[in-house]
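Listing of input-v8.csv; format and content: CSV, C-alpha atoms.
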chain,number,residue,atom,x,y,z
Q,1,MET,CA,165.2,90.8,106.6
Q,2,LYS,CA,162.4,88.3,106.6
Q,3,LYS,CA,160.8,90.7,109.1
Q,4,LEU,CA,161.4,93.6,106.8
Q,5,ILE,CA,159.9,91.8,103.8
Q,6,GLY,CA,157.1,90.5,106.0
Q,7,SER,CA,156.4,94.1,107.1
Q,8,ILE,CA,156.3,95.3,103.6
Q,9,PHE,CA,153.8,92.6,102.7
Q,10,VAL,CA,151.7,93.5,105.7
Q,11,LEU,CA,151.8,97.1,104.6
Q,12,ALA,CA,151.0,96.2,101.1
Q,13,ILE,CA,148.0,94.1,102.3
Q,14,LEU,CA,146.8,97.1,104.3
Q,15,VAL,CA,147.1,99.3,101.3
Q,16,GLN,CA,144.9,96.8,99.4
Q,17,ALA,CA,142.5,96.3,102.3
Q,18,PRO,CA,139.9,99.0,101.8
Q,19,ALA,CA,138.5,97.4,98.7
Q,20,ALA,CA,137.8,94.3,100.6
Q,21,PHE,CA,136.1,96.1,103.4
Q,22,ALA,CA,133.9,98.5,101.4
Q,23,GLN,CA,131.6,96.1,99.6
Q,24,GLY,CA,128.0,96.6,100.5
Q,25,SER,CA,124.8,98.3,99.7
Q,26,ALA,CA,122.4,100.9,101.3
Q,27,SER,CA,118.8,101.9,100.9
Q,28,GLY,CA,116.9,105.1,101.5
Q,29,ASN,CA,113.2,105.8,101.5
Q,30,ILE,CA,111.1,108.7,100.3
Q,31,LEU,CA,107.3,109.2,100.3
Q,32,ALA,CA,105.2,109.6,97.3
Q,33,GLN,CA,102.1,111.6,98.3
Q,34,ALA,CA,99.1,113.2,96.9
Q,35,ASN,CA,96.0,114.9,98.2
Q,36,VAL,CA,92.9,114.2,96.2
Q,37,LEU,CA,90.5,117.0,96.2
Q,38,THR,CA,86.7,116.8,96.2
Q,39,PRO,CA,85.6,117.7,92.7
Q,40,VAL,CA,84.6,121.3,92.5
Q,41,THR,CA,81.0,122.0,91.7
Q,42,VAL,CA,79.2,125.2,90.7
Q,43,THR,CA,75.5,125.4,91.4
Q,44,PRO,CA,73.5,128.4,90.1
Q,45,GLN,CA,71.3,129.6,92.9
Q,46,GLN,CA,69.7,132.9,91.7
Q,47,ASP,CA,69.3,134.8,88.4
Q,48,LEU,CA,70.5,138.3,88.0
Q,49,ASP,CA,67.1,140.0,87.6
Q,50,PHE,CA,66.8,143.7,86.7
Q,51,GLY,CA,63.0,143.5,86.9
Q,52,ASN,CA,61.1,146.2,85.0
Q,53,VAL,CA,63.2,148.8,83.3
Q,54,ILE,CA,62.2,152.0,81.6
Q,55,PRO,CA,63.5,153.0,78.1
Q,56,GLY,CA,66.1,155.6,78.3
Q,57,THR,CA,66.9,155.0,82.0
Q,58,ASN,CA,69.8,152.9,83.2
Q,59,LYS,CA,69.2,150.4,85.9
Q,60,SER,CA,71.7,148.8,88.2
Q,61,VAL,CA,71.7,145.8,90.5
Q,62,ALA,CA,74.5,145.7,93.2
Q,63,ILE,CA,75.9,142.4,94.5
Q,64,THR,CA,74.2,143.2,97.8
Q,65,GLY,CA,70.9,143.6,96.0
Q,66,THR,CA,68.2,141.0,96.6
Q,67,THR,CA,68.1,140.2,92.9
Q,68,ALA,CA,71.9,139.9,92.3
Q,69,GLY,CA,73.0,136.7,90.5
Q,70,ARG,CA,74.4,134.1,92.9
Q,71,TRP,CA,76.3,130.7,92.6
Q,72,LEU,CA,77.4,128.3,95.2
Q,73,VAL,CA,80.9,126.8,94.6
Q,74,GLN,CA,81.7,123.6,96.6
Q,75,GLY,CA,84.8,121.6,96.9
Q,76,THR,CA,87.7,120.9,99.2
Q,77,ALA,CA,87.7,123.1,102.2
Q,78,GLY,CA,90.5,125.7,102.1
Q,79,ALA,CA,91.4,125.0,98.5
Q,80,GLU,CA,92.1,127.9,96.1
Q,81,VAL,CA,90.0,128.2,93.0
Q,82,ASP,CA,90.2,130.4,90.0
Q,83,ILE,CA,86.8,132.1,89.4
Q,84,ASP,CA,86.1,133.2,85.9
Q,85,PHE,CA,83.0,134.3,84.1
Q,86,THR,CA,83.5,132.4,81.0
Q,87,ALA,CA,80.3,133.8,79.5
Q,88,LEU,CA,79.5,137.4,80.3
Q,89,PRO,CA,77.1,138.9,77.7
Q,90,GLY,CA,77.4,142.4,76.5
Q,91,ASN,CA,73.8,142.4,75.5
Q,92,LEU,CA,70.6,140.8,76.7
Q,93,THR,CA,68.4,139.8,73.8
Q,94,SER,CA,64.7,139.7,73.0
Q,95,GLY,CA,64.4,138.2,69.6
Q,96,VAL,CA,66.4,140.4,67.3
Q,97,ASN,CA,66.5,143.3,69.9
Q,98,ASN,CA,69.5,143.9,72.1
Q,99,LEU,CA,69.6,145.5,75.6
Q,100,PRO,CA,73.2,146.5,76.5
Q,101,ILE,CA,74.5,145.4,79.9
Q,102,VAL,CA,77.7,146.6,81.5
Q,103,TYR,CA,79.7,145.5,84.6
Q,104,GLY,CA,81.7,147.7,86.9
Q,105,ALA,CA,85.0,146.8,88.5
Q,106,THR,CA,83.2,145.8,91.8
Q,107,ASP,CA,80.1,144.2,90.2
Q,108,ALA,CA,81.2,140.7,91.3
Q,109,GLY,CA,81.9,139.4,94.8
Q,110,HIS,CA,82.7,136.2,96.7
Q,111,ASN,CA,82.4,135.1,100.2
Q,112,GLY,CA,82.6,131.8,102.2
Q,113,PRO,CA,79.3,132.4,104.0
Q,114,ASN,CA,76.1,133.4,102.1
Q,115,ASN,CA,76.5,137.1,102.9
Q,116,PRO,CA,77.2,139.6,100.1
Q,117,ALA,CA,77.5,142.5,102.5
Q,118,THR,CA,80.9,141.2,103.6
Q,119,ALA,CA,82.0,139.8,100.2
Q,120,THR,CA,85.2,140.6,98.5
Q,121,THR,CA,84.5,142.4,95.3
Q,122,PHE,CA,86.2,141.9,92.0
Q,123,ASN,CA,85.9,142.8,88.4
Q,124,PRO,CA,83.8,140.2,86.6
Q,125,ALA,CA,85.7,140.9,83.4
Q,126,THR,CA,88.9,139.7,84.9
Q,127,GLY,CA,87.9,137.1,87.4
Q,128,THR,CA,89.8,136.4,90.6
Q,129,LEU,CA,91.3,133.8,92.9
Q,130,ALA,CA,89.4,132.8,96.1
Q,131,ASN,CA,89.6,130.1,98.7
Q,132,ILE,CA,86.7,127.7,99.5
Q,133,SER,CA,85.8,128.3,103.1
Q,134,ASN,CA,87.0,126.0,105.8
Q,135,PRO,CA,85.4,124.0,107.3
Q,136,ALA,CA,82.1,124.7,105.6
Q,137,ALA,CA,83.7,124.1,102.1
Q,138,THR,CA,81.5,126.7,100.5
Q,139,LEU,CA,82.1,129.7,98.3
Q,140,PHE,CA,79.3,132.0,97.3
Q,141,VAL,CA,79.8,134.2,94.2
Q,142,TRP,CA,77.5,137.2,93.3
Q,143,ILE,CA,77.2,139.3,90.2
Q,144,GLY,CA,75.5,142.6,89.6
Q,145,GLY,CA,75.5,145.0,86.6
Q,146,THR,CA,73.8,147.8,84.8
Q,147,VAL,CA,71.4,147.6,81.8
Q,148,GLN,CA,71.3,150.5,79.5
Q,149,PRO,CA,68.0,150.6,77.6
Q,150,ALA,CA,67.8,153.1,74.8
Q,151,ALA,CA,65.1,155.7,74.7
Q,152,ALA,CA,63.5,153.7,71.9
Q,153,GLN,CA,64.2,150.3,73.4
Q,154,ALA,CA,61.7,147.8,72.2
Q,155,SER,CA,59.6,146.4,75.0
Q,156,GLY,CA,59.8,142.7,75.9
Q,157,LEU,CA,61.6,140.2,78.0
Q,158,TYR,CA,65.4,140.3,77.5
Q,159,THR,CA,67.6,137.5,78.7
Q,160,GLY,CA,71.2,136.4,78.5
Q,161,THR,CA,73.4,133.7,80.1
Q,162,VAL,CA,76.2,134.3,82.5
Q,163,THR,CA,78.4,131.3,83.1
Q,164,LEU,CA,80.7,131.0,86.1
Q,165,THR,CA,83.6,128.6,86.0
Q,166,ALA,CA,85.7,127.6,89.1
Q,167,THR,CA,88.9,125.7,88.7
Q,168,TYR,CA,91.3,124.4,91.4
Q,169,THR,CA,94.7,126.2,91.2
Q,170,GLY,CA,96.5,123.5,93.2
Q,171,ASN,CA,97.2,126.0,96.0
S,1,MET,CA,201.6,80.2,113.4
S,2,SER,CA,198.7,81.0,115.4
S,3,ALA,CA,198.6,84.5,114.1
S,4,GLY,CA,198.9,83.3,110.5
S,5,PRO,CA,195.5,82.2,109.6
S,6,ARG,CA,193.9,84.9,111.6
S,7,PRO,CA,194.0,87.4,108.8
S,8,GLU,CA,192.5,84.9,106.5
S,9,VAL,CA,189.9,84.2,108.9
S,10,ARG,CA,189.5,87.9,109.4
S,11,ARG,CA,189.5,88.3,105.6
S,12,ARG,CA,187.1,85.5,105.2
S,13,ALA,CA,185.2,87.0,108.0
S,14,ARG,CA,185.4,90.3,106.4
S,15,GLY,CA,184.7,88.8,103.1
S,16,CYS,CA,181.8,87.0,104.6
S,17,ARG,CA,180.6,90.2,106.1
S,18,ILE,CA,181.0,91.9,102.7
S,19,VAL,CA,179.1,89.1,101.1
S,20,ARG,CA,176.4,89.3,103.7
S,21,GLY,CA,176.3,93.0,103.3
S,22,ALA,CA,176.0,92.6,99.5
S,23,ARG,CA,173.2,90.0,100.0
S,24,ALA,CA,171.5,92.3,102.4
S,25,SER,CA,171.8,95.2,99.9
S,26,VAL,CA,170.4,93.0,97.2
S,27,LEU,CA,167.6,91.7,99.4
S,28,ALA,CA,166.8,95.2,100.5
S,29,ALA,CA,166.8,96.4,97.0
S,30,THR,CA,164.5,93.5,96.0
S,31,ALA,CA,162.3,94.2,99.0
S,32,ALA,CA,162.2,97.9,98.0
S,33,ALA,CA,161.3,96.9,94.5
S,34,ILE,CA,158.6,94.6,95.7
S,35,ALA,CA,157.4,97.3,98.0
S,36,LEU,CA,157.4,99.8,95.2
S,37,ALA,CA,155.6,97.4,93.0
S,38,LEU,CA,153.1,96.7,95.7
S,39,PHE,CA,152.6,100.4,96.3
S,40,ALA,CA,152.4,100.9,92.5
S,41,VAL,CA,149.6,98.3,92.5
S,42,GLY,CA,148.0,100.1,95.3
S,43,ALA,CA,148.2,103.4,93.4
S,44,ARG,CA,146.8,101.7,90.4
S,45,THR,CA,144.0,100.3,92.5
S,46,GLU,CA,143.2,103.9,93.6
S,47,GLU,CA,143.0,105.0,90.0
S,48,LEU,CA,140.4,102.3,89.5
S,49,SER,CA,138.5,103.8,92.5
S,50,ALA,CA,138.0,100.7,94.5
S,51,PRO,CA,135.3,101.4,97.1
S,52,ASP,CA,136.8,102.4,100.4
S,53,ARG,CA,133.7,103.0,102.4
S,54,PRO,CA,130.1,101.6,102.4
S,55,PRO,CA,127.6,103.7,100.5
S,56,THR,CA,124.9,105.6,102.3
S,57,VAL,CA,121.6,106.7,100.8
S,58,THR,CA,119.5,109.5,102.3
S,59,GLY,CA,116.1,110.6,101.2
S,60,ARG,CA,116.2,114.3,100.5
S,61,GLY,CA,112.8,115.1,99.0
S,62,ASP,CA,109.4,113.4,98.8
S,63,LEU,CA,107.6,112.9,95.5
S,64,ASP,CA,104.8,115.3,96.3
S,65,PHE,CA,101.9,115.7,93.9
S,66,GLU,CA,100.2,118.1,96.4
S,67,ASP,CA,96.5,118.7,95.5
S,68,VAL,CA,95.1,116.7,92.6
S,69,VAL,CA,91.5,116.6,91.3
S,70,ALA,CA,89.5,113.4,90.9
S,71,GLY,CA,89.5,112.3,87.3
S,72,VAL,CA,92.5,114.5,86.3
S,73,PRO,CA,95.9,112.8,86.0
S,74,ALA,CA,98.7,114.8,87.6
S,75,ALA,CA,102.4,114.5,86.6
S,76,ILE,CA,105.6,115.7,88.2
S,77,THR,CA,108.7,115.7,86.1
S,78,ARG,CA,112.0,114.5,87.6
S,79,LYS,CA,113.4,117.9,86.9
S,80,ASP,CA,111.0,119.6,89.3
S,81,ARG,CA,113.3,121.0,91.9
S,82,HIS,CA,110.6,121.2,94.6
S,83,ARG,CA,108.3,118.3,94.1
S,84,ALA,CA,110.3,115.5,92.5
S,85,GLY,CA,111.6,112.8,94.8
S,86,ALA,CA,115.3,113.0,95.6
S,87,TRP,CA,118.0,110.8,97.2
S,88,TRP,CA,121.5,111.7,98.2
S,89,ILE,CA,124.1,109.0,97.8
S,90,ARG,CA,127.5,109.2,99.4
S,91,GLY,CA,130.3,106.7,98.8
S,92,THR,CA,133.7,106.4,97.2
S,93,ALA,CA,134.6,108.8,94.5
S,94,ASN,CA,134.4,107.6,90.9
S,95,VAL,CA,133.1,104.2,91.6
S,96,ASP,CA,130.2,102.5,89.8
S,97,VAL,CA,127.0,101.9,91.7
S,98,LEU,CA,123.9,99.9,90.9
S,99,LEU,CA,120.7,101.9,91.4
S,100,SER,CA,117.5,99.9,92.1
S,101,LEU,CA,114.2,101.5,92.8
S,102,ALA,CA,111.2,99.7,94.5
S,103,LEU,CA,108.2,101.5,93.1
S,104,PRO,CA,104.7,101.3,94.5
S,105,PRO,CA,101.9,100.6,92.0
S,106,SER,CA,99.5,102.8,94.0
S,107,LEU,CA,99.3,105.2,96.9
S,108,SER,CA,97.2,104.3,99.9
S,109,GLY,CA,94.5,106.7,101.1
S,110,PRO,CA,91.5,107.0,103.4
S,111,ALA,CA,89.5,103.8,104.2
S,112,GLY,CA,91.9,101.7,102.1
S,113,ALA,CA,91.3,103.7,98.9
S,114,GLN,CA,94.1,103.3,96.3
S,115,LEU,CA,95.4,106.0,94.0
S,116,PRO,CA,97.3,104.5,91.0
S,117,ILE,CA,100.7,105.9,90.3
S,118,ALA,CA,102.8,105.3,87.2
S,119,PHE,CA,106.4,105.8,86.3
S,120,GLY,CA,107.5,106.4,82.7
S,121,SER,CA,110.7,105.3,81.1
S,122,ASP,CA,112.4,108.7,81.7
S,123,ASP,CA,111.0,109.4,85.1
S,124,ALA,CA,114.2,108.8,87.0
S,125,GLY,CA,117.4,110.8,86.7
S,126,PHE,CA,121.0,110.6,88.0
S,127,SER,CA,123.5,113.3,88.6
S,128,TRP,CA,126.6,113.6,90.7
S,129,GLN,CA,125.4,117.0,91.9
S,130,GLN,CA,122.1,118.3,93.2
S,131,ARG,CA,121.0,119.5,89.8
S,132,PRO,CA,117.8,117.7,88.6
S,133,ASP,CA,117.9,119.8,85.5
S,134,LEU,CA,121.3,118.3,84.6
S,135,ALA,CA,120.5,114.7,85.5
S,136,THR,CA,120.7,111.9,83.0
S,137,GLY,CA,117.3,110.2,82.6
S,138,PHE,CA,116.7,106.5,83.0
S,139,ASN,CA,113.9,104.0,83.4
S,140,PRO,CA,113.1,103.6,87.1
S,141,HIS,CA,111.8,100.1,86.5
S,142,VAL,CA,115.2,99.0,85.3
S,143,PRO,CA,118.3,98.8,87.6
S,144,ARG,CA,120.9,101.3,86.4
S,145,VAL,CA,124.6,101.5,86.8
S,146,GLU,CA,126.0,105.0,87.3
S,147,ARG,CA,129.3,106.4,88.5
S,148,LEU,CA,129.6,108.5,91.6
S,149,GLY,CA,131.2,111.9,91.2
S,150,SER,CA,134.8,112.9,92.1
S,151,ASN,CA,133.3,114.0,95.4
S,152,GLY,CA,131.9,110.6,96.1
S,153,HIS,CA,128.4,111.9,95.7
S,154,GLY,CA,125.4,111.1,93.6
S,155,TRP,CA,121.8,112.2,93.3
S,156,VAL,CA,118.8,110.3,92.1
S,157,PHE,CA,115.6,112.2,91.2
S,158,LEU,CA,112.2,110.7,90.5
S,159,GLY,CA,109.0,112.0,88.8
S,160,GLY,CA,105.8,110.2,88.1
S,161,THR,CA,102.1,110.4,87.4
S,162,VAL,CA,99.1,109.8,89.6
S,163,GLN,CA,95.9,108.8,88.0
S,164,PRO,CA,92.9,109.5,90.2
S,165,GLY,CA,89.6,108.1,89.0
S,166,LEU,CA,86.5,110.1,88.5
S,167,GLY,CA,85.1,108.7,91.8
S,168,GLN,CA,88.4,108.9,93.6
S,169,ARG,CA,87.8,109.3,97.3
S,170,ALA,CA,89.1,112.7,98.6
S,171,GLY,CA,91.9,112.7,101.1
S,172,ALA,CA,95.6,112.2,101.6
S,173,TYR,CA,97.4,109.3,99.8
S,174,LEU,CA,100.8,108.0,100.7
S,175,GLY,CA,103.3,105.4,99.4
S,176,THR,CA,107.0,104.6,99.9
S,177,VAL,CA,109.7,104.5,97.2
S,178,VAL,CA,112.9,102.8,98.1
S,179,LEU,CA,116.2,103.4,96.4
S,180,THR,CA,118.9,100.7,97.0
S,181,VAL,CA,122.5,101.5,96.0
S,182,ALA,CA,125.2,98.8,95.7
S,183,TYR,CA,128.8,99.0,94.5
S,184,VAL,CA,129.4,97.3,91.3
S,185,ALA,CA,132.3,94.7,91.5
S,186,GLN,CA,135.5,96.4,90.2
When written as C-alpha cells, how does the structure in this file appear?
Amino acid sequence: MKKLIGSIFVLAILVQAPAAFAQGSASGNILAQANVLTPVTVTPQQDLDFGNVIPGTNKSVAITGTTAGRWLVQGTAGAEVDIDFTALPGNLTSGVNNLPIVYGATDAGHNGPNNPATATTFNPATGTLANISNPAATLFVWIGGTVQPAAAQASGLYTGTVTLTATYTGN
Amino acid sequence: MSAGPRPEVRRRARGCRIVRGARASVLAATAAAIALALFAVGARTEELSAPDRPPTVTGRGDLDFEDVVAGVPAAITRKDRHRAGAWWIRGTANVDVLLSLALPPSLSGPAGAQLPIAFGSDDAGFSWQQRPDLATGFNPHVPRVERLGSNGHGWVFLGGTVQPGLGQRAGAYLGTVVLTVAYVAQ
C-alpha cells in the first residue's frame, strides 16, 4: 500500500513537474536598416530658345533640337525620381504682351546619358517617373515646345520660366 | 480440544483478514481520494496555464526604412505589414510573458556615420496572431506583460522613425533590435 501511495505521489509530482522545468527566457534579433540617399539636385543646363519667330507662323523646338531646354538631375544611382514640371507657362511674356506656348505629348524626354536622341519621351503636362542612371548617377531631362505668335504679335523679347522638380519616390 | 480453537483462530484469522481487507479498502479509497485531489490540483494548474516548455523567439521581419533622403525624417508604423519589425514567440498557451526590447539609439553607417532612430510610445504592438493591424500598442521603451494565445503563440511588431540630418552621409545603415521574452511567475 505504501508503494501504491508512493506511486501516486510520484505520479502527482510528475503531473506538477512541467511548471518547474519550463521557467526561462529567450531572445530574438532583427535588423533596423535604412539606406540614406544622396540628396537629389536639379541643375539647369540650357534654356529653351525659339530664336527669332515670325508673326503668324508657329515655331517648334524638339527635344532633340540644339536649343531644347535641358536639366541635369543628380542623386543616388539607380534611385527612382518623380519628374514634374511644376511651372510650365502657357504664355511667354514681353511686358504686357503674351506669346502662347504649347507642349505636345512627346515634348519632354529623359535619359541617363546626355543624349536626347535616345531619350524616353513623356508629356510635360503630366510628368513621369524615371531612374537616375547607374553608376553615373545622372539623369538628363529635355523640354521642347511650340510658340504660336499671332499675325499681329508685338515684336520684342518674350520670356517665361519653366521649373523642373525631381523627387525621390523611395523605389 | 485441539480442533476447538481452530475455528476461532480461523474466525479471528478470517476476522483479521476482513479487518485487513477493510483497512486496505479504506486506504485504497483514501489513496484514490488523494490521487484524485492531486490530479484535480494538476488540472487546476493546467487551467492556470503553467509554462510547460521554454519560450522561443524568432525574428520574422526587419524594421526596414528602405531609401530615405538626407534631411527628411522617415517613419514606419508598427502596422506596416511589409516594413515593420516582427518577432514570433512560441511557448505555452495562455501564459503571461514579459516582453523587453533593447532599442538602438542610432543605426551605424559608412565610415562610422550614425543615423539617429527614435521609437514612440505606441511604436510597439503585440498580438497572438500575425496581424499587425490588430496588435495592441505599447511603449517599446517599457517592459510589457502580455498573454500568449491559446495556440501558445505571440507576435511583436515594431515601428520607428529615422532622422537623417541634412548632411547625412549617403549609404546603408544598420542596427540590431533585441526582443527578450520571459515567463511571468504564475
Show me a table, sorted first by chain and then by increasing residue number, of the residues of chain S having an atom at most 7 Å from chain Q, each with its shortest atom pair and the distance in Å to one decimal, counting all atoms listed in the file and written as a tab-separated table.
residue	atom	partner	partner_atom	distance
S:Ala31	CA	Q:Ile5	CA	5.9
S:Ala35	CA	Q:Ile8	CA	6.0
S:Leu38	CA	Q:Ala12	CA	5.8
S:Phe39	CA	Q:Ala12	CA	6.6
S:Gly42	CA	Q:Gln16	CA	6.1
S:Ala50	CA	Q:Ala19	CA	5.4
S:Pro51	CA	Q:Ala19	CA	5.4
S:Asp52	CA	Q:Pro18	CA	4.8
S:Arg53	CA	Q:Ala22	CA	4.6
S:Pro54	CA	Q:Ala22	CA	5.0
S:Pro55	CA	Q:Ala26	CA	6.0
S:Thr56	CA	Q:Ala26	CA	5.4
S:Val57	CA	Q:Gly28	CA	5.0
S:Thr58	CA	Q:Gly28	CA	5.2
S:Gly59	CA	Q:Ile30	CA	5.4
S:Gly61	CA	Q:Ile30	CA	6.7
S:Asp62	CA	Q:Leu31	CA	4.9
S:Leu63	CA	Q:Ala32	CA	4.5
S:Asp64	CA	Q:Gln33	CA	5.0
S:Phe65	CA	Q:Ala34	CA	4.8
S:Glu66	CA	Q:Ala34	CA	5.0
S:Asp67	CA	Q:Asn35	CA	4.7
S:Val68	CA	Q:Val36	CA	4.9
S:Val69	CA	Q:Leu37	CA	5.0
S:Ala70	CA	Q:Pro39	CA	6.1
S:Gly85	CA	Q:Ile30	CA	6.9
S:Ala170	CA	Q:Val36	CA	4.7
S:Gly171	CA	Q:Val36	CA	5.2
S:Ala172	CA	Q:Asn35	CA	4.4
S:Tyr173	CA	Q:Ala34	CA	5.1
S:Leu174	CA	Q:Gln33	CA	4.5
S:Gly175	CA	Q:Ala32	CA	5.1
S:Thr176	CA	Q:Leu31	CA	4.6
S:Val177	CA	Q:Ile30	CA	5.4
S:Val178	CA	Q:Asn29	CA	4.5
S:Leu179	CA	Q:Ser27	CA	5.4
S:Thr180	CA	Q:Ser27	CA	4.1
S:Val181	CA	Q:Ala26	CA	5.3
S:Ala182	CA	Q:Ser25	CA	4.1
S:Tyr183	CA	Q:Gln23	CA	6.5
Inset, instruction - Determine the nearest neighbour of S:Pro104 from the options S:Ala84, S:Ala118, S:Ala75, S:Val156, counting all atoms listed in the file. - result: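 Result for the nearest residue to S:Pro104: S:Ala118.
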Legend entry - Shell of 10 Å around stretch 149-153 of chain Q, all atoms listed in the file, local chain residues under 5 positions omitted, as a list of chain:residue names: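 Selected residues are Q:Val53, Q:Ile54, Q:Pro55, Q:Gly56, Q:Thr57, Q:Asn58, Q:Lys59, Q:Asn97, Q:Asn98, Q:Leu99, Q:Pro100, Q:Ile101.
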Inset, instruction - Check the smallest atom-to-atom distance from each of S:Gly112, S:Gly120, S:Gly71, S:Pro143 to S:Thr161 using all atoms listed in the file, then report the winner. - result: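 The shortest atom-to-atom distance to S:Thr161 comes from S:Gly120.
Picture a line from atom CA of S:Phe157 to atom CA of S:Pro132; it runs 6.5 Å.
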Legend entry - Pick from S:Val95, S:Leu166, S:Leu107, S:Ala102, whichever lies nearest to S:Pro140 using all atoms listed in the file: S:Ala102
Legend entry - Two-atom distance - atom CA of S:Gly159, atom CA of S:Asp96 (Å): 23.3 Å
Legend entry - Pick from S:Gly165, S:Gly137, S:Gly125, S:Gly154, whichever lies nearest to S:Ala74 using only C-alpha atoms: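 Checking each candidate against S:Ala74, we get S:Gly165 as the closest.
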Legend entry - Separation of atom CA of Q:Val96 from atom CA of Q:Ala154 in Å: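 It comes out at 10.0 Å.
A distance cut-off of 10 Å around (84.0, 147.1, 91.7), counting only C-alpha atoms, selects these protein and nucleic acid residues: Ala62, Ile63, Tyr103, Gly104, Ala105, Thr106, Asp107, Ala108, Gly109, Thr120, Thr121, Phe122, Asn123, Pro124 and Gly144 of chain Q.
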Regenerate stretch 131-137 of chain Q at the level of all heavy atoms and dump it as a short mmCIF file (atom, residue, chain, number, x, y, z; two decimals), keeping the file's coordinate frame.
data_model
loop_
_atom_site.label_atom_id
_atom_site.label_comp_id
_atom_site.auth_asym_id
_atom_site.auth_seq_id
_atom_site.Cartn_x
_atom_site.Cartn_y
_atom_site.Cartn_z
N ASN Q 131 89.46 131.35 97.99
CA ASN Q 131 89.60 130.10 98.70
C ASN Q 131 88.19 129.58 99.12
O ASN Q 131 87.38 130.36 99.65
CB ASN Q 131 90.47 130.22 99.91
CG ASN Q 131 91.92 130.38 99.52
OD1 ASN Q 131 92.41 131.50 99.37
ND2 ASN Q 131 92.60 129.28 99.31
N ILE Q 132 87.95 128.33 98.93
CA ILE Q 132 86.70 127.70 99.50
C ILE Q 132 86.84 127.70 100.97
O ILE Q 132 87.91 127.42 101.53
CB ILE Q 132 86.60 126.28 98.89
CG1 ILE Q 132 86.41 126.35 97.37
CG2 ILE Q 132 85.45 125.54 99.54
CD1 ILE Q 132 86.41 125.00 96.68
N SER Q 133 85.73 128.06 101.60
CA SER Q 133 85.80 128.30 103.10
C SER Q 133 86.10 126.95 103.79
O SER Q 133 85.84 125.86 103.30
CB SER Q 133 84.47 128.84 103.56
OG SER Q 133 83.45 127.87 103.43
N ASN Q 134 86.69 127.13 104.95
CA ASN Q 134 87.00 126.00 105.80
C ASN Q 134 86.47 126.22 107.18
O ASN Q 134 86.72 127.29 107.77
CB ASN Q 134 88.57 125.88 105.86
CG ASN Q 134 89.04 124.59 106.48
OD1 ASN Q 134 88.23 123.79 106.91
ND2 ASN Q 134 90.34 124.41 106.53
N PRO Q 135 85.68 125.36 107.73
CA PRO Q 135 85.40 124.00 107.30
C PRO Q 135 84.16 123.81 106.47
O PRO Q 135 83.83 122.69 106.08
CB PRO Q 135 85.32 123.22 108.59
CG PRO Q 135 84.66 124.20 109.51
CD PRO Q 135 85.18 125.56 109.12
N ALA Q 136 83.42 124.88 106.22
CA ALA Q 136 82.10 124.70 105.60
C ALA Q 136 82.24 124.23 104.11
O ALA Q 136 81.31 123.65 103.56
CB ALA Q 136 81.36 126.03 105.60
N ALA Q 137 83.41 124.49 103.52
CA ALA Q 137 83.70 124.10 102.10
C ALA Q 137 82.70 124.70 101.15
O ALA Q 137 82.24 124.06 100.20
CB ALA Q 137 83.65 122.54 102.02
#
